[in-house]
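Asks: Quick one: structure below, then a few questions.
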2 protein chains.
Amino acid sequence: MSPDEALERLGALGFEEPDANVLFDHFEAAERSGRVGHGFGRIEWLETLRGLHPEARPMLVVDESAFERWSGNGALGYLVLEAVVRRQLERPPRHARLVVCDDTFPTGMLGYWTRRLADGGLVALMTATSPRRLPHPAGGAKLTGTNPLSIAVPASHGRPVVTDVSMGTFTYGDVLSGRATEDELVPFGGDHAHKGFALAVGLQLLVDALAPSGGFGAVLLVARPEGDPVPAFRSLAAGARLPGDR
Amino acid sequence: MSPDEALERLGALGFEEPDANVLFDHFEAAERSGRVGHGFGRIEWLETLRGLHPEARPMLVVDESAFERWSGNGALGYLVLEAVVRRQLERPPRHARLVVCDDTFPTGMLGYWTRRLADGGLVALMTATSPRRLPHPAGGAKLTGTNPLSIAVPASHGRPVVTDVSMGTFTYGDVLSGRATEDELVPFGGDHAHKGFALAVGLQLLVDALAPSGGFGAVLLVARPEGDPVPAFRSLAAGARLPGDR
């Protein structure tokens with residue numbers, strides 16, 4: 001799908017230009033970084049969704065200095081997280097803030113959101129749930145989403161470090177794009193798959209306990225750094241490729 | 001080492017009875033749960049440490065309703081986290097609180113601390129740094145600690161779920177207890193070791209950015225749950241062993 005076609009099809013879905021641009025920017029960043037499962041192909045997937053509400057707006061339902069609770073309120077998760085990220089940058093926390101996003105799906109590449117917070121000088125940790133796709137390593141029912149964890153840490157000079165790890169051997173985007181089958185989507189770790197599974201379970205229950213709509217949610221911790229560890233860490237790594245480097 | 005001998009040797013190191021009991025309880029819980037690398041053998045290791053200050057007391061240096069910063073102030077990390085956990089239980093957050101523990105080492109089994117918070121009805125996420133022991137999956141210098149991540153979620157009935165995952169194939173406790181060699185201690189994940197490594201890097205820089213003493217630190221997020229996902233999750237898992245179950 002060409003960029004022009006992507007924008008046109010987003011418009012045809014009913015998204016006004018500012019929202020269509022938000023979605024486009026996310027998908028384009030995914031294509032550029034090689035995470036094609038989160039790229040333009042998602043527009044075809046959006047076209048299959050029932051109950052898309054292009055006019056819906058996320059709502060900030062609890063607004064305290066160190067805690068925010070948002071509800072997607074029918075808006076796509078991408079648009080919720082866009083609003084959340086912009087607000088954190090406009091109004092950074094004094095020390096730290098927990099931001100709980102209920103009814104927030106899909107959330108795309110979490111590193112896209114945390115990177116923008118790090119580019120704005122903030123430390124960010126984010127996770128999000130999605131449909132259950134990972135079984136226990138011993139088999140059985142699908143119990144958790146792929147539940148990525150992203151951490152981004154700013155740098156006084158040089159690039160921030162942005163990690164973004166999903167707990168499956170593949171992402172569901174990989175399944176959508178034909179790079180993997182559903183059966184291959186299991187907790188990562190090989191001989192230590194119990195570790196990938198435990199991380200997925202912990203993150204699943206963390207989000208479900210804090211954002212209990214019964215839908216999907218995201219949890220973001222955003223904090224003001226007290227130190228600047230990235231430049232020294234890059235020196236120690238002596239040029240090795242670090243997570244999030246392109 | 002027998003329990004009696006353990007308590008006696010802790011006393012001989014100069015710890016007064018309440019602190020010796022805190023250390024003993026942690027090591028005993030480790031022995032009971034099979035995490036022997038965090039068990040009584042750690043007393044022998046403490047005996048080799050220079051600059052042990054059994055009289056030191058952790059300090060609460062920033063005390064706001066949604067943010068606390070502690071300094072170990074020369075006290076063992078176990079004693080810092082004991083003070084932190086007790087204070088969270090006595091004074092739970094309205095919504096959520098970030099607790100940054102600087103100069104806090106060693107921290108032992110993180111699940112021991114988060115479980116107590118979950119037993120007290122709170123959601124907890126904790127990580128901590130330790131000496132650099134994990135190299136990049138491609139090799140080279142040791143860049144990060146094993147940097148465990150523990151998440152505990154309470155349950156209205158039945159047991160909480162407590163995950164506690166270190167990012168190495170083994171723990172350094174396993175090396176101390178002879179169960180693994182230092183060379184075997186690499187990021188977990190097998191074919192996906194870049195994921196274990198990325199998690200270790202993200203957690204390392206998160207802690208280093210928030211607790212910049214240059215020593216080691218711990219970061220704890222503690223929150224009041226809005227939902228009760230654990231019982232339904234256990235039903236879905238149909239009796240499968242979940243993380244933290246004994």
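Chain identifiers are assigned as A, B, and so on, following the order in which chains appear in the structure tokens; residues are numbered from 1 within each chain, and ligands are numbered from 1 in order of appearance.
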Compute the set of chain A residues within 8 Å of chain B, using only C-alpha atoms, and express it as JSON, numbers by chain.

Replies: {"A": [66, 67, 95, 96, 97, 98, 123, 136, 140, 141, 143, 150, 151, 152, 153, 161, 162, 163, 164, 165, 169, 188, 189, 190, 191, 192, 193, 195, 198, 199, 201, 202, 203, 205, 206, 208, 209, 210, 211, 212, 224, 225, 226, 227, 228, 229, 230, 233, 236, 237, 240, 242, 243]}

Asks: Mind writing the picked residues with N, CA and C atoms as a compact mmCIF listing (two decimals), in the first residue's frame?

Replies:
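Contents of the output file selection-v7.txt:
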```txt
# COMPACT_ATOMS: atom_id res chain seq x y z
N ALA A 66 -0.08 13.09 40.03
CA ALA A 66 0.78 11.92 39.84
C ALA A 66 -0.01 10.70 39.37
N PHE A 67 -1.23 10.92 38.92
CA PHE A 67 -2.05 9.79 38.45
C PHE A 67 -3.08 10.29 37.45
N HIS A 95 7.78 14.35 39.82
CA HIS A 95 8.71 13.21 39.95
C HIS A 95 8.28 12.10 39.00
N ALA A 96 7.06 11.62 39.18
CA ALA A 96 6.59 10.48 38.39
C ALA A 96 5.07 10.51 38.34
N ARG A 97 4.54 9.82 37.32
CA ARG A 97 3.08 9.74 37.18
C ARG A 97 2.72 8.38 36.61
N LEU A 98 1.69 7.76 37.15
CA LEU A 98 1.14 6.55 36.56
C LEU A 98 -0.07 6.94 35.72
N VAL A 123 11.66 9.58 31.25
CA VAL A 123 11.77 8.12 31.32
C VAL A 123 10.37 7.55 31.20
N HIS A 136 0.15 -21.41 28.17
CA HIS A 136 1.17 -21.88 29.11
C HIS A 136 2.21 -22.67 28.30
N GLY A 140 -2.31 -25.94 26.39
CA GLY A 140 -3.63 -25.58 26.94
C GLY A 140 -4.17 -24.31 26.33
N ALA A 141 -5.14 -23.72 27.03
CA ALA A 141 -5.86 -22.55 26.51
C ALA A 141 -4.91 -21.36 26.37
N LEU A 143 -3.87 -17.90 27.26
CA LEU A 143 -4.11 -17.24 28.56
C LEU A 143 -3.81 -15.76 28.57
N SER A 150 7.74 -1.91 27.03
CA SER A 150 8.67 -0.97 26.42
C SER A 150 9.22 -0.04 27.50
N ILE A 151 10.52 0.20 27.45
CA ILE A 151 11.17 1.13 28.37
C ILE A 151 12.03 2.06 27.53
N ALA A 152 11.88 3.36 27.77
CA ALA A 152 12.68 4.33 27.02
C ALA A 152 13.36 5.27 28.01
N VAL A 153 14.64 5.50 27.77
CA VAL A 153 15.43 6.35 28.69
C VAL A 153 16.15 7.39 27.85
N VAL A 161 17.82 5.18 24.56
CA VAL A 161 17.66 3.73 24.39
C VAL A 161 16.18 3.41 24.56
N VAL A 162 15.63 2.69 23.59
CA VAL A 162 14.20 2.37 23.58
C VAL A 162 14.05 0.87 23.40
N THR A 163 13.64 0.18 24.45
CA THR A 163 13.40 -1.25 24.34
C THR A 163 11.91 -1.47 24.13
N ASP A 164 11.57 -2.55 23.45
CA ASP A 164 10.16 -2.86 23.17
C ASP A 164 10.11 -4.36 22.89
N VAL A 165 9.72 -5.11 23.91
CA VAL A 165 9.81 -6.56 23.85
C VAL A 165 8.44 -7.17 24.04
N THR A 169 7.07 -15.44 20.75
CA THR A 169 8.12 -15.70 19.76
C THR A 169 7.91 -14.82 18.54
N PHE A 188 8.12 -16.62 24.39
CA PHE A 188 9.51 -16.74 23.95
C PHE A 188 10.37 -17.28 25.11
N GLY A 189 11.52 -17.79 24.74
CA GLY A 189 12.45 -18.23 25.78
C GLY A 189 13.05 -19.60 25.54
N GLY A 190 12.43 -20.39 24.64
CA GLY A 190 12.99 -21.71 24.39
C GLY A 190 12.98 -22.53 25.67
N ASP A 191 14.15 -22.98 26.11
CA ASP A 191 14.23 -23.75 27.35
C ASP A 191 13.75 -22.94 28.55
N HIS A 192 13.73 -21.64 28.42
CA HIS A 192 13.27 -20.76 29.50
C HIS A 192 11.95 -20.10 29.15
N ALA A 193 11.09 -20.80 28.41
CA ALA A 193 9.80 -20.21 28.01
C ALA A 193 8.94 -19.89 29.22
N LYS A 195 9.86 -18.26 31.60
CA LYS A 195 10.15 -16.85 31.93
C LYS A 195 9.34 -15.91 31.04
N ALA A 198 5.85 -16.09 32.32
CA ALA A 198 5.65 -15.39 33.59
C ALA A 198 5.59 -13.87 33.37
N LEU A 199 6.44 -13.37 32.50
CA LEU A 199 6.38 -11.92 32.21
C LEU A 199 5.03 -11.56 31.60
N VAL A 201 2.18 -13.11 31.96
CA VAL A 201 1.13 -13.23 32.99
C VAL A 201 1.17 -12.03 33.93
N GLY A 202 2.36 -11.67 34.37
CA GLY A 202 2.46 -10.54 35.30
C GLY A 202 1.93 -9.25 34.67
N LEU A 203 2.33 -9.00 33.44
CA LEU A 203 1.88 -7.77 32.77
C LEU A 203 0.38 -7.81 32.50
N LEU A 205 -1.98 -9.34 34.27
CA LEU A 205 -2.75 -9.13 35.50
C LEU A 205 -2.55 -7.72 36.04
N LEU A 206 -1.34 -7.16 35.82
CA LEU A 206 -1.11 -5.76 36.20
C LEU A 206 -2.10 -4.85 35.48
N ASP A 208 -4.89 -5.72 33.89
CA ASP A 208 -6.28 -6.07 34.21
C ASP A 208 -6.68 -5.57 35.60
N ALA A 209 -5.72 -5.51 36.53
CA ALA A 209 -6.05 -5.04 37.88
C ALA A 209 -6.22 -3.52 37.90
N LEU A 210 -5.50 -2.83 37.03
CA LEU A 210 -5.54 -1.36 37.06
C LEU A 210 -6.58 -0.81 36.08
N ALA A 211 -6.86 -1.53 35.01
CA ALA A 211 -7.77 -1.07 33.95
C ALA A 211 -8.81 -2.15 33.73
N PRO A 212 -9.78 -2.22 34.61
CA PRO A 212 -10.63 -3.42 34.69
C PRO A 212 -11.87 -3.39 33.81
N ARG A 224 10.57 11.72 35.67
CA ARG A 224 11.64 12.66 35.37
C ARG A 224 12.96 11.99 35.77
N PRO A 225 13.94 11.91 34.87
CA PRO A 225 15.19 11.23 35.25
C PRO A 225 16.00 12.06 36.24
N GLU A 226 16.71 11.37 37.12
CA GLU A 226 17.62 12.02 38.07
C GLU A 226 19.07 11.82 37.63
N GLY A 227 19.25 10.91 36.70
CA GLY A 227 20.60 10.63 36.19
C GLY A 227 20.55 10.51 34.68
N ASP A 228 21.71 10.31 34.08
CA ASP A 228 21.84 10.31 32.61
C ASP A 228 22.71 9.11 32.22
N PRO A 229 22.18 7.90 32.40
CA PRO A 229 23.05 6.72 32.26
C PRO A 229 23.33 6.29 30.82
N VAL A 230 22.59 6.83 29.85
CA VAL A 230 22.69 6.25 28.50
C VAL A 230 24.06 6.47 27.85
N PHE A 233 26.52 4.07 29.14
CA PHE A 233 26.16 2.71 28.77
C PHE A 233 26.54 2.43 27.32
N LEU A 236 30.22 1.77 27.22
CA LEU A 236 30.53 0.44 27.72
C LEU A 236 30.22 -0.62 26.66
N ALA A 237 29.13 -0.38 25.92
CA ALA A 237 28.71 -1.36 24.89
C ALA A 237 29.59 -1.26 23.65
N ALA A 240 28.14 -1.64 20.15
CA ALA A 240 27.19 -2.71 19.84
C ALA A 240 25.80 -2.12 19.64
N LEU A 242 22.22 -1.44 20.27
CA LEU A 242 21.39 -1.54 21.46
C LEU A 242 19.91 -1.51 21.08
N PRO A 243 19.04 -1.98 21.97
CA PRO A 243 17.61 -2.03 21.64
C PRO A 243 17.09 -0.68 21.16
```

Asks: Using only C-alpha atoms, determine which residues lie at most 10 Å from Glu90 in chain B, disregarding the query and same-chain residues fewer than 5 positions distant; provide the list as a list in words.

Replies: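 Skipping anything fewer than 5 positions along the chain leaves Val84, Val85 and Gly120 of chain B.
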
Asks: Nearest to Pro18 in chain B: which of B:Val61, B:Arg115, B:Leu79, B:Thr146 is it, counting only C-alpha atoms?

Replies: B:Leu79

Asks: Near range 35-48 of chain A, within 8 Å and counting only C-alpha atoms, which residues show up once chain neighbours fewer than 4 positions away are dropped, as number ranges by chain?

Replies: A: 1, 6, 9-10, 13, 24, 26-31, 52, 108-109, 171-177

Asks: Would you output that residue set with N, CA and C atoms, as a PDB file, in the first residue's frame?

Replies:
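See out_5.pdb below for the written result:
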```pdb
ATOM      1  N   MET A   1       0.854  -1.198   0.000  1.00  0.00           N
ATOM      2  CA  MET A   1       0.000   0.000   0.000  1.00  0.00           C
ATOM      3  C   MET A   1       0.891   1.251   0.000  1.00  0.00           C
ATOM      4  N   ALA A   6      -2.797   4.814   1.611  1.00  0.00           N
ATOM      5  CA  ALA A   6      -3.049   4.622   3.043  1.00  0.00           C
ATOM      6  C   ALA A   6      -3.870   5.786   3.592  1.00  0.00           C
ATOM      7  N   ARG A   9      -7.440   5.703   2.300  1.00  0.00           N
ATOM      8  CA  ARG A   9      -8.300   4.669   2.897  1.00  0.00           C
ATOM      9  C   ARG A   9      -8.641   5.007   4.348  1.00  0.00           C
ATOM     10  N   LEU A  10      -7.732   5.669   5.054  1.00  0.00           N
ATOM     11  CA  LEU A  10      -8.059   6.113   6.426  1.00  0.00           C
ATOM     12  C   LEU A  10      -9.181   7.155   6.379  1.00  0.00           C
ATOM     13  N   LEU A  13     -12.441   5.553   5.879  1.00  0.00           N
ATOM     14  CA  LEU A  13     -12.982   4.915   7.094  1.00  0.00           C
ATOM     15  C   LEU A  13     -13.702   5.935   7.975  1.00  0.00           C
ATOM     16  N   PHE A  24      -1.603   7.413  10.367  1.00  0.00           N
ATOM     17  CA  PHE A  24      -0.634   7.278   9.271  1.00  0.00           C
ATOM     18  C   PHE A  24       0.796   7.339   9.807  1.00  0.00           C
ATOM     19  N   HIS A  26       1.951   6.606  12.680  1.00  0.00           N
ATOM     20  CA  HIS A  26       2.298   5.384  13.406  1.00  0.00           C
ATOM     21  C   HIS A  26       2.622   4.245  12.432  1.00  0.00           C
ATOM     22  N   PHE A  27       1.731   4.041  11.480  1.00  0.00           N
ATOM     23  CA  PHE A  27       1.941   2.935  10.535  1.00  0.00           C
ATOM     24  C   PHE A  27       3.208   3.160   9.712  1.00  0.00           C
ATOM     25  N   GLU A  28       3.450   4.396   9.344  1.00  0.00           N
ATOM     26  CA  GLU A  28       4.638   4.688   8.535  1.00  0.00           C
ATOM     27  C   GLU A  28       5.918   4.449   9.342  1.00  0.00           C
ATOM     28  N   ALA A  29       5.901   4.841  10.627  1.00  0.00           N
ATOM     29  CA  ALA A  29       7.074   4.583  11.479  1.00  0.00           C
ATOM     30  C   ALA A  29       7.323   3.085  11.588  1.00  0.00           C
ATOM     31  N   ALA A  30       6.231   2.307  11.660  1.00  0.00           N
ATOM     32  CA  ALA A  30       6.374   0.849  11.733  1.00  0.00           C
ATOM     33  C   ALA A  30       7.014   0.306  10.462  1.00  0.00           C
ATOM     34  N   GLU A  31       6.539   0.775   9.332  1.00  0.00           N
ATOM     35  CA  GLU A  31       7.113   0.323   8.060  1.00  0.00           C
ATOM     36  C   GLU A  31       8.606   0.669   8.010  1.00  0.00           C
ATOM     37  N   LEU A  52     -16.283   0.494  14.475  1.00  0.00           N
ATOM     38  CA  LEU A  52     -15.254   1.539  14.470  1.00  0.00           C
ATOM     39  C   LEU A  52     -15.984   2.876  14.657  1.00  0.00           C
ATOM     40  N   GLY A 108      -0.531  -0.657  19.062  1.00  0.00           N
ATOM     41  CA  GLY A 108       0.562  -0.589  18.089  1.00  0.00           C
ATOM     42  C   GLY A 108       1.917  -0.909  18.700  1.00  0.00           C
ATOM     43  N   MET A 109       2.930  -0.246  18.182  1.00  0.00           N
ATOM     44  CA  MET A 109       4.304  -0.431  18.687  1.00  0.00           C
ATOM     45  C   MET A 109       4.472   0.455  19.912  1.00  0.00           C
ATOM     46  N   THR A 171       4.936 -11.562  16.937  1.00  0.00           N
ATOM     47  CA  THR A 171       3.820 -10.696  17.307  1.00  0.00           C
ATOM     48  C   THR A 171       2.599 -11.147  16.507  1.00  0.00           C
ATOM     49  N   TYR A 172       1.440 -10.683  16.932  1.00  0.00           N
ATOM     50  CA  TYR A 172       0.260 -11.020  16.143  1.00  0.00           C
ATOM     51  C   TYR A 172       0.305 -10.300  14.802  1.00  0.00           C
ATOM     52  N   GLY A 173       0.990  -9.171  14.798  1.00  0.00           N
ATOM     53  CA  GLY A 173       1.220  -8.494  13.522  1.00  0.00           C
ATOM     54  C   GLY A 173       1.962  -9.408  12.543  1.00  0.00           C
ATOM     55  N   ASP A 174       2.913 -10.196  13.065  1.00  0.00           N
ATOM     56  CA  ASP A 174       3.623 -11.148  12.202  1.00  0.00           C
ATOM     57  C   ASP A 174       2.659 -12.184  11.644  1.00  0.00           C
ATOM     58  N   VAL A 175       1.676 -12.577  12.472  1.00  0.00           N
ATOM     59  CA  VAL A 175       0.689 -13.542  11.986  1.00  0.00           C
ATOM     60  C   VAL A 175      -0.157 -12.887  10.900  1.00  0.00           C
ATOM     61  N   LEU A 176      -0.605 -11.639  11.177  1.00  0.00           N
ATOM     62  CA  LEU A 176      -1.426 -10.922  10.185  1.00  0.00           C
ATOM     63  C   LEU A 176      -0.681 -10.768   8.864  1.00  0.00           C
ATOM     64  N   SER A 177       0.633 -10.543   8.963  1.00  0.00           N
ATOM     65  CA  SER A 177       1.383 -10.288   7.732  1.00  0.00           C
ATOM     66  C   SER A 177       1.950 -11.569   7.127  1.00  0.00           C
TER      67      SER A 177
END
```

Asks: Rank nothing, just name the residue among A:Arg132, A:Pro3, A:Gly34, A:Asp19 nearest to Ala83 in chain A, using only C-alpha atoms.

Replies: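 Ranked by minimum distance to Ala83 in chain A, first place goes to A:Asp19.
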
Asks: In range 38-246 of chain B, what's helix (DSSP H, G or I) per DSSP? Answer as number ranges by chain?

Replies: B: 38, 41-48, 77-90, 110-119, 172-176, 182-184, 190-210, 230-237

Asks: For the residues in that selection, give me C-alpha atoms as a tab-separated table (two decimals), in the first residue's frame.

Replies:
```
chain	number	residue	atom	x	y	z
B	38	HIS	CA	19.12	-16.52	47.79
B	41	GLY	CA	24.44	-19.45	51.67
B	42	ARG	CA	24.18	-15.67	51.38
B	43	ILE	CA	25.36	-15.43	55.00
B	44	GLU	CA	28.74	-16.83	53.99
B	45	TRP	CA	28.80	-14.24	51.23
B	46	LEU	CA	27.93	-11.44	53.68
B	47	GLU	CA	30.86	-12.59	55.81
B	48	THR	CA	33.18	-11.88	52.90
B	77	GLY	CA	19.35	-3.75	50.55
B	78	TYR	CA	17.24	-6.37	52.29
B	79	LEU	CA	16.78	-3.98	55.21
B	80	VAL	CA	15.93	-1.08	52.90
B	81	LEU	CA	13.23	-3.10	51.16
B	82	GLU	CA	11.86	-4.35	54.47
B	83	ALA	CA	11.41	-0.73	55.60
B	84	VAL	CA	9.91	0.21	52.21
B	85	VAL	CA	7.40	-2.66	52.20
B	86	ARG	CA	6.29	-1.99	55.76
B	87	ARG	CA	5.73	1.67	54.97
B	88	GLN	CA	3.66	0.95	51.85
B	89	LEU	CA	1.42	-1.40	53.83
B	90	GLU	CA	1.01	1.14	56.64
B	110	LEU	CA	12.07	-9.53	44.56
B	111	GLY	CA	8.98	-11.75	44.73
B	112	TYR	CA	9.44	-11.93	48.50
B	113	TRP	CA	8.75	-8.20	48.74
B	114	THR	CA	6.05	-7.90	46.09
B	115	ARG	CA	4.18	-10.90	47.52
B	116	ARG	CA	3.88	-9.17	50.86
B	117	LEU	CA	2.43	-6.09	49.14
B	118	ALA	CA	-0.08	-8.29	47.25
B	119	ASP	CA	-0.95	-10.10	50.48
B	172	TYR	CA	24.14	-15.11	40.29
B	173	GLY	CA	22.88	-16.96	43.34
B	174	ASP	CA	23.02	-20.09	41.16
B	175	VAL	CA	26.64	-19.29	40.42
B	176	LEU	CA	27.39	-18.74	44.12
B	182	GLU	CA	29.65	-17.55	35.21
B	183	ASP	CA	30.01	-18.33	31.48
B	184	GLU	CA	26.56	-19.90	31.43
B	190	GLY	CA	17.77	-18.97	23.29
B	191	ASP	CA	16.97	-17.94	19.71
B	192	HIS	CA	15.29	-14.87	21.21
B	193	ALA	CA	18.10	-13.92	23.61
B	194	HIS	CA	17.93	-10.40	22.15
B	195	LYS	CA	14.60	-10.11	23.99
B	196	GLY	CA	16.05	-11.14	27.37
B	197	PHE	CA	18.91	-8.74	26.72
B	198	ALA	CA	16.59	-5.87	25.76
B	199	LEU	CA	14.57	-6.37	28.94
B	200	ALA	CA	17.76	-6.35	31.02
B	201	VAL	CA	18.98	-3.18	29.29
B	202	GLY	CA	15.68	-1.36	29.70
B	203	LEU	CA	15.42	-2.20	33.38
B	204	GLN	CA	19.11	-1.33	33.95
B	205	LEU	CA	18.74	2.13	32.45
B	206	LEU	CA	15.37	2.73	34.14
B	207	VAL	CA	16.91	2.14	37.55
B	208	ASP	CA	20.11	4.00	36.71
B	209	ALA	CA	18.11	7.02	35.47
B	210	LEU	CA	15.95	7.15	38.60
B	230	VAL	CA	-6.70	-13.24	39.46
B	231	PRO	CA	-9.59	-15.61	40.31
B	232	ALA	CA	-10.94	-15.58	36.72
B	233	PHE	CA	-7.40	-16.00	35.39
B	234	ARG	CA	-6.85	-19.05	37.59
B	235	SER	CA	-10.12	-20.51	36.30
B	236	LEU	CA	-9.06	-19.93	32.71
B	237	ALA	CA	-5.72	-21.61	33.45
```

Asks: What does the distance from CA of Phe105 in chain B to CA of Gly217 in chain B come to in Å, to one decimal?

Replies: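 Taking CA of Phe105 in chain B and CA of Gly217 in chain B, their separation equals 6.7 Å.
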
Asks: Take CA of Gly51 in chain B and CA of Gly145 in chain B and report the distance between them in Å, one decimal.

Replies: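 These atoms are spaced 21.6 Å apart.
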
Asks: Rounded to one decimal in Å, what is the spacing between CA of Glu55 in chain B and CA of Val222 in chain B?

Replies: 28.1 Å
